[in-house]
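To start, the structure under review is shown below, and the notes come after it.
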Amino acid sequence: MAKLKESNAATQTLLKTLYGQALQGEKVENRFKKKVWVTAQVALKEMHGIELEVLQLKSK
């Protein structure tokens, strides 16, 4: 598992992805669906070359 180096660009990507998914209704109660975390995982890998597990993303 990789560690997320704090970078503004990666943080922005994560937040924009989560926000976009929330606007599409991909939340259950106060949590995001698993699909949202996988989407964020793919976005970080494609845009920044950062490979993280879903559990790592949830803790950020």
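Residue numbering restarts at 1 for every chain of the structure tokens, chains are lettered A, B, ... in their displayed order, and ligands are numbered from 1 as they appear.
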| message | Taking 6 positions as the minimum chain separation for residues in the same chain, which residues sit within 12 Å of Lys45 in chain A when counting only C-alpha atoms? Answer as a ChimeraX atom specification. | response | /A:2,4,10,13-14,38-39,51-53
Once you have the residues from the selection above, write them out as an mmCIF file, in the first residue's frame, restricted to N, CA, C and O atoms.
```cif
data_model
loop_
_atom_site.group_PDB
_atom_site.id
_atom_site.type_symbol
_atom_site.label_atom_id
_atom_site.label_comp_id
_atom_site.auth_asym_id
_atom_site.auth_seq_id
_atom_site.Cartn_x
_atom_site.Cartn_y
_atom_site.Cartn_z
ATOM 1 N N ALA A 2 0.492 2.197 -0.774
ATOM 2 C CA ALA A 2 1.230 3.450 -0.854
ATOM 3 C C ALA A 2 0.704 4.427 0.183
ATOM 4 O O ALA A 2 -0.420 4.330 0.643
ATOM 5 N N LEU A 4 -0.207 8.364 0.977
ATOM 6 C CA LEU A 4 -0.587 9.558 0.245
ATOM 7 C C LEU A 4 0.279 10.714 0.696
ATOM 8 O O LEU A 4 0.274 11.089 1.863
ATOM 9 N N ALA A 10 -3.726 16.519 -5.450
ATOM 10 C CA ALA A 10 -4.347 15.227 -5.131
ATOM 11 C C ALA A 10 -5.556 15.429 -4.217
ATOM 12 O O ALA A 10 -6.592 14.789 -4.400
ATOM 13 N N THR A 13 -8.395 16.745 -6.299
ATOM 14 C CA THR A 13 -8.967 15.669 -7.104
ATOM 15 C C THR A 13 -9.907 14.812 -6.264
ATOM 16 O O THR A 13 -11.022 14.497 -6.686
ATOM 17 N N LEU A 14 -9.466 14.438 -5.078
ATOM 18 C CA LEU A 14 -10.283 13.617 -4.193
ATOM 19 C C LEU A 14 -11.577 14.343 -3.827
ATOM 20 O O LEU A 14 -12.679 13.782 -3.939
ATOM 21 N N VAL A 38 -14.199 3.729 -5.153
ATOM 22 C CA VAL A 38 -13.483 3.128 -6.285
ATOM 23 C C VAL A 38 -13.272 4.181 -7.376
ATOM 24 O O VAL A 38 -12.194 4.264 -7.971
ATOM 25 N N THR A 39 -14.270 5.018 -7.609
ATOM 26 C CA THR A 39 -14.142 6.094 -8.590
ATOM 27 C C THR A 39 -13.037 7.061 -8.179
ATOM 28 O O THR A 39 -12.222 7.485 -9.008
ATOM 29 N N GLU A 51 -1.537 5.285 -6.065
ATOM 30 C CA GLU A 51 -2.317 4.059 -5.870
ATOM 31 C C GLU A 51 -2.571 3.859 -4.381
ATOM 32 O O GLU A 51 -1.645 3.659 -3.613
ATOM 33 N N LEU A 52 -3.834 3.938 -4.002
ATOM 34 C CA LEU A 52 -4.225 3.759 -2.615
ATOM 35 C C LEU A 52 -5.351 2.747 -2.520
ATOM 36 O O LEU A 52 -6.130 2.580 -3.455
ATOM 37 N N GLU A 53 -5.447 2.113 -1.373
ATOM 38 C CA GLU A 53 -6.569 1.227 -1.088
ATOM 39 C C GLU A 53 -7.756 2.087 -0.654
ATOM 40 O O GLU A 53 -7.588 3.212 -0.184
#
```
Inset, instruction - To one decimal in Å, tell me the separation between CA of Trp37 in chain A and CA of Leu57 in chain A. - result: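 These atoms are spaced 7.3 Å apart.
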Assign secondary structure with DSSP using the backbone only, and return the residues of range 21-58 of chain A in alpha helix (DSSP H) as a list of chain:residue names.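 Taking range 21-58 of chain A and keeping alpha helix (DSSP H) only, one gets A:Gln21, A:Ala22, A:Leu23, A:Lys34, A:Lys35, A:Val36, A:Trp37, A:Val38, A:Thr39, A:Ala40, A:Gln41, A:Val42, A:Ala43, A:Leu44, A:Lys45, A:Glu46, A:Met47, A:His48, A:Val54, A:Leu55, A:Gln56, A:Leu57, A:Lys58.
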Under the rule that only C-alpha atoms are counted, which of A:Phe32, A:Lys58, A:Leu44, A:Gly49 is the nearest residue to Tyr19 in chain A?
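Distance minimum relative to Tyr19 in chain A lands on A:Phe32.
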In terms of the shortest atom-to-atom distance over only C-alpha atoms, which of A:Lys16, A:Ala9, A:Lys34, A:Gly25 is closest to His48 in chain A?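 Using only C-alpha atoms, the shortest distance to His48 in chain A belongs to A:Ala9.
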Across A:Met47, A:Ser7, A:Ala40, A:Val54, the smallest distance to Ala22 in chain A, with only C-alpha atoms counted, is shown by A:Ala40
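Minimum distance to Val36 in chain A across A:Ile50, A:Thr17, A:Ser59, A:Leu23 (counting only C-alpha atoms) occurs at A:Thr17.
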- Just asking: which residues within chain A are strand (DSSP E or B) according to DSSP, as a list in words?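 Those in chain A that DSSP calls strand (DSSP E or B) are Lys27, Val28, Arg31 and Phe32 of chain A.
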Selection from above, all heavy atoms, as a PDB file, in the first residue's frame, can you write it?
```pdb
ATOM      1  N   LYS A  27     -24.825   8.487  -2.321  1.00  0.00           N
ATOM      2  CA  LYS A  27     -24.634   8.417  -0.874  1.00  0.00           C
ATOM      3  C   LYS A  27     -25.766   7.602  -0.275  1.00  0.00           C
ATOM      4  O   LYS A  27     -26.880   7.594  -0.776  1.00  0.00           O
ATOM      5  CB  LYS A  27     -24.628   9.812  -0.255  1.00  0.00           C
ATOM      6  CG  LYS A  27     -23.383  10.613  -0.553  1.00  0.00           C
ATOM      7  CD  LYS A  27     -23.422  11.973   0.094  1.00  0.00           C
ATOM      8  CE  LYS A  27     -23.270  11.803   1.587  1.00  0.00           C
ATOM      9  NZ  LYS A  27     -23.200  13.069   2.304  1.00  0.00           N
ATOM     10  N   VAL A  28     -25.475   6.934   0.821  1.00  0.00           N
ATOM     11  CA  VAL A  28     -26.480   6.227   1.601  1.00  0.00           C
ATOM     12  C   VAL A  28     -26.369   6.785   3.005  1.00  0.00           C
ATOM     13  O   VAL A  28     -25.295   6.734   3.611  1.00  0.00           O
ATOM     14  CB  VAL A  28     -26.214   4.711   1.606  1.00  0.00           C
ATOM     15  CG1 VAL A  28     -27.204   4.001   2.498  1.00  0.00           C
ATOM     16  CG2 VAL A  28     -26.255   4.147   0.208  1.00  0.00           C
ATOM     17  N   ARG A  31     -23.026   8.273   4.396  1.00  0.00           N
ATOM     18  CA  ARG A  31     -21.826   7.633   3.854  1.00  0.00           C
ATOM     19  C   ARG A  31     -21.889   7.552   2.341  1.00  0.00           C
ATOM     20  O   ARG A  31     -22.952   7.517   1.757  1.00  0.00           O
ATOM     21  CB  ARG A  31     -21.685   6.221   4.411  1.00  0.00           C
ATOM     22  CG  ARG A  31     -21.405   6.192   5.883  1.00  0.00           C
ATOM     23  CD  ARG A  31     -21.220   4.781   6.341  1.00  0.00           C
ATOM     24  NE  ARG A  31     -22.252   4.571   7.363  1.00  0.00           N
ATOM     25  CZ  ARG A  31     -22.781   3.428   7.655  1.00  0.00           C
ATOM     26  NH1 ARG A  31     -22.438   2.354   7.024  1.00  0.00           N
ATOM     27  NH2 ARG A  31     -23.688   3.337   8.583  1.00  0.00           N
ATOM     28  N   PHE A  32     -20.694   7.485   1.753  1.00  0.00           N
ATOM     29  CA  PHE A  32     -20.617   7.261   0.311  1.00  0.00           C
ATOM     30  C   PHE A  32     -20.707   5.773   0.028  1.00  0.00           C
ATOM     31  O   PHE A  32     -20.247   4.949   0.820  1.00  0.00           O
ATOM     32  CB  PHE A  32     -19.279   7.771  -0.243  1.00  0.00           C
ATOM     33  CG  PHE A  32     -19.190   9.266  -0.309  1.00  0.00           C
ATOM     34  CD1 PHE A  32     -18.423   9.971   0.600  1.00  0.00           C
ATOM     35  CD2 PHE A  32     -19.860   9.966  -1.292  1.00  0.00           C
ATOM     36  CE1 PHE A  32     -18.334  11.345   0.539  1.00  0.00           C
ATOM     37  CE2 PHE A  32     -19.779  11.347  -1.365  1.00  0.00           C
ATOM     38  CZ  PHE A  32     -19.009  12.035  -0.441  1.00  0.00           C
TER      39      PHE A  32
END
```
